Every structure is written in C-alpha cells, then in structure tokens.
Amino acid sequence: MNFKSDIEQCPCKGTTLDKLVQPALLAVLVDGPLHGYELAKRIGEIPGFLEQSPDLSGIYRILKNLESRGMITSFWDTPDQGRAKRLVKITPSGIECLQKWEETLQNYRQSLDALHHTVVAALKNQG
C-alpha cells in the first residue's frame, strides 16, 4: 500500500466536488449564455473549486442532463466569421433549481460546520 498516493487521491483532499458543479453551472449561467469551455473556465475561477476547471467531458455530461430536465436550453451561435459554438442558457426552471440549491447549500454549510467542530474536537482529544 502506497500511503502517499492513496492520500493524494483521497476525497479528504477536497478535489471531489462533482455534485457542486451543477449549482456552479447554473449560477454562472445567470449572467448570460455561454459555451462549455467558457463555463468550465468560469467555474474554475470560483473559490472552493481549487482554481481548477472541472473536466470538460464531465461539464458536457452535466449540461446534457440539465437540458433534458429543462434547466437549461442550448442553441447554436453562428457568427459571420469563425466557428459556430453551442451556447447554453438558464431557463426559469433552472433559476428555480438554483434557488433550491441555495437552501441546500446553506444546509450543507451548517452540517459541515458541525462536522468540522466534531473533527477538531476529536483531533484535540486524540493526543
């Protein structure tokens, strides 16, 4: 067992925030339509995502799921010059979902604060 590499890939490093990508996508889309690459870039700029853009294939998978659920809609932007880009924009259902996420994240914060307190107390008592 290679303990160092196990720790490097452990969720304890905080790099597995996959379920938080959905509210991050929806929040970024509130400012207006964007394409997948720009969405990933903007998410990587959100504190808490460790300044790393999520995997593009994961972003597109989540976008496809959000679109099938009516949270976003997509369309082609075909400029006179350059490549066409598929843009996505948030729908009223997506705004409603984002509002629910705000409540859910507040509950997560309270739970994480309580868990953090428990971990700190356990470590203090450990020695």
# chains A, B, ... in the order shown; residues from 1 in each chain; ligands from 1

$ residues_around --residues "stretch 21-23 of chain A" --least-positions-apart "3" --cutoff "8 Å" --atoms "only C-alpha atoms" --output "tab-separated table (two decimals) with N, CA, C and O atoms, in the first residue's frame"
chain	number	residue	atom	x	y	z
A	17	LEU	N	-15.52	17.58	-5.87
A	17	LEU	CA	-16.69	18.42	-5.65
A	17	LEU	C	-17.69	18.29	-6.78
A	17	LEU	O	-18.40	19.23	-7.11
A	18	ASP	N	-17.76	17.11	-7.37
A	18	ASP	CA	-18.59	16.90	-8.56
A	18	ASP	C	-20.03	17.34	-8.39
A	18	ASP	O	-20.60	17.96	-9.28
A	26	LEU	N	-25.24	26.54	-13.08
A	26	LEU	CA	-26.46	27.35	-13.11
A	26	LEU	C	-26.17	28.78	-12.66
A	26	LEU	O	-26.66	29.73	-13.28
A	27	ALA	N	-25.36	28.94	-11.63
A	27	ALA	CA	-25.04	30.28	-11.12
A	27	ALA	C	-24.29	31.09	-12.16
A	27	ALA	O	-24.57	32.28	-12.36
A	43	ILE	N	-16.13	28.33	-13.86
A	43	ILE	CA	-16.27	27.51	-12.65
A	43	ILE	C	-14.92	27.38	-11.96
A	43	ILE	O	-14.83	27.43	-10.74
A	54	PRO	N	-13.25	22.12	-13.94
A	54	PRO	CA	-13.68	20.73	-13.99
A	54	PRO	C	-13.43	20.13	-15.37
A	54	PRO	O	-13.27	20.85	-16.35
A	59	ILE	N	-18.43	18.32	-17.67
A	59	ILE	CA	-19.28	19.51	-17.84
A	59	ILE	C	-20.34	19.23	-18.89
A	59	ILE	O	-21.53	19.49	-18.67
A	62	ILE	N	-23.04	16.89	-17.61
A	62	ILE	CA	-23.97	17.57	-16.71
A	62	ILE	C	-24.88	18.50	-17.50
A	62	ILE	O	-26.09	18.58	-17.24
A	98	LEU	N	-31.79	26.62	-8.99
A	98	LEU	CA	-30.71	27.33	-8.34
A	98	LEU	C	-31.17	27.89	-6.99
A	98	LEU	O	-30.41	27.87	-6.00
A	101	TRP	N	-31.04	25.11	-4.68
A	101	TRP	CA	-29.63	24.84	-4.34
A	101	TRP	C	-29.15	25.78	-3.24
A	101	TRP	O	-28.37	25.39	-2.38

$ closest_residue --among "A:Ala114, A:Val119, A:Ile46, A:Val88" --to "A:Trp76" --atoms "only C-alpha atoms"
A:Val88

$ select_by_dssp --residues "stretch 48-92 of chain A" --states "alpha helix (DSSP H)" --output "number ranges by chain"
A: 56-68, 92

$ decode --residues "stretch 64-104 of chain A" --atoms "C-alpha atoms" --output "compact mmCIF listing (two decimals), in the first residue's frame"
# COMPACT_ATOMS: atom_id res chain seq x y z
CA LYS A 64 -26.86 17.33 -21.29
CA ASN A 65 -28.59 16.17 -18.11
CA LEU A 66 -29.63 19.72 -17.18
CA GLU A 67 -31.02 20.27 -20.68
CA SER A 68 -33.01 17.02 -20.61
CA ARG A 69 -34.53 18.19 -17.31
CA GLY A 70 -35.42 21.63 -18.72
CA MET A 71 -32.99 23.58 -16.51
CA ILE A 72 -31.07 24.96 -19.48
CA THR A 73 -31.59 25.30 -23.19
CA SER A 74 -28.97 25.30 -25.91
CA PHE A 75 -28.65 26.88 -29.32
CA TRP A 76 -26.03 27.42 -32.00
CA ASP A 77 -24.25 30.75 -32.27
CA THR A 78 -23.15 31.06 -35.89
CA PRO A 79 -21.02 34.19 -36.27
CA ASP A 80 -20.14 35.57 -39.70
CA GLN A 81 -16.53 34.62 -39.08
CA GLY A 82 -15.14 31.78 -37.02
CA ARG A 83 -16.62 28.54 -35.83
CA ALA A 84 -20.15 28.03 -34.69
CA LYS A 85 -20.45 27.45 -30.96
CA ARG A 86 -23.17 25.76 -29.00
CA LEU A 87 -24.31 28.12 -26.26
CA VAL A 88 -26.37 27.25 -23.23
CA LYS A 89 -28.61 29.48 -21.19
CA ILE A 90 -30.52 29.01 -17.98
CA THR A 91 -34.31 28.63 -18.09
CA PRO A 92 -36.90 29.68 -15.50
CA SER A 93 -36.83 26.08 -14.22
CA GLY A 94 -33.06 26.40 -13.87
CA ILE A 95 -33.49 29.58 -11.81
CA GLU A 96 -35.97 27.71 -9.58
CA CYS A 97 -33.47 24.86 -9.21
CA LEU A 98 -30.71 27.33 -8.34
CA GLN A 99 -32.94 28.83 -5.65
CA LYS A 100 -33.41 25.34 -4.18
CA TRP A 101 -29.63 24.84 -4.34
CA GLU A 102 -29.19 27.98 -2.23
CA GLU A 103 -31.23 26.36 0.53
CA THR A 104 -29.45 23.04 0.12
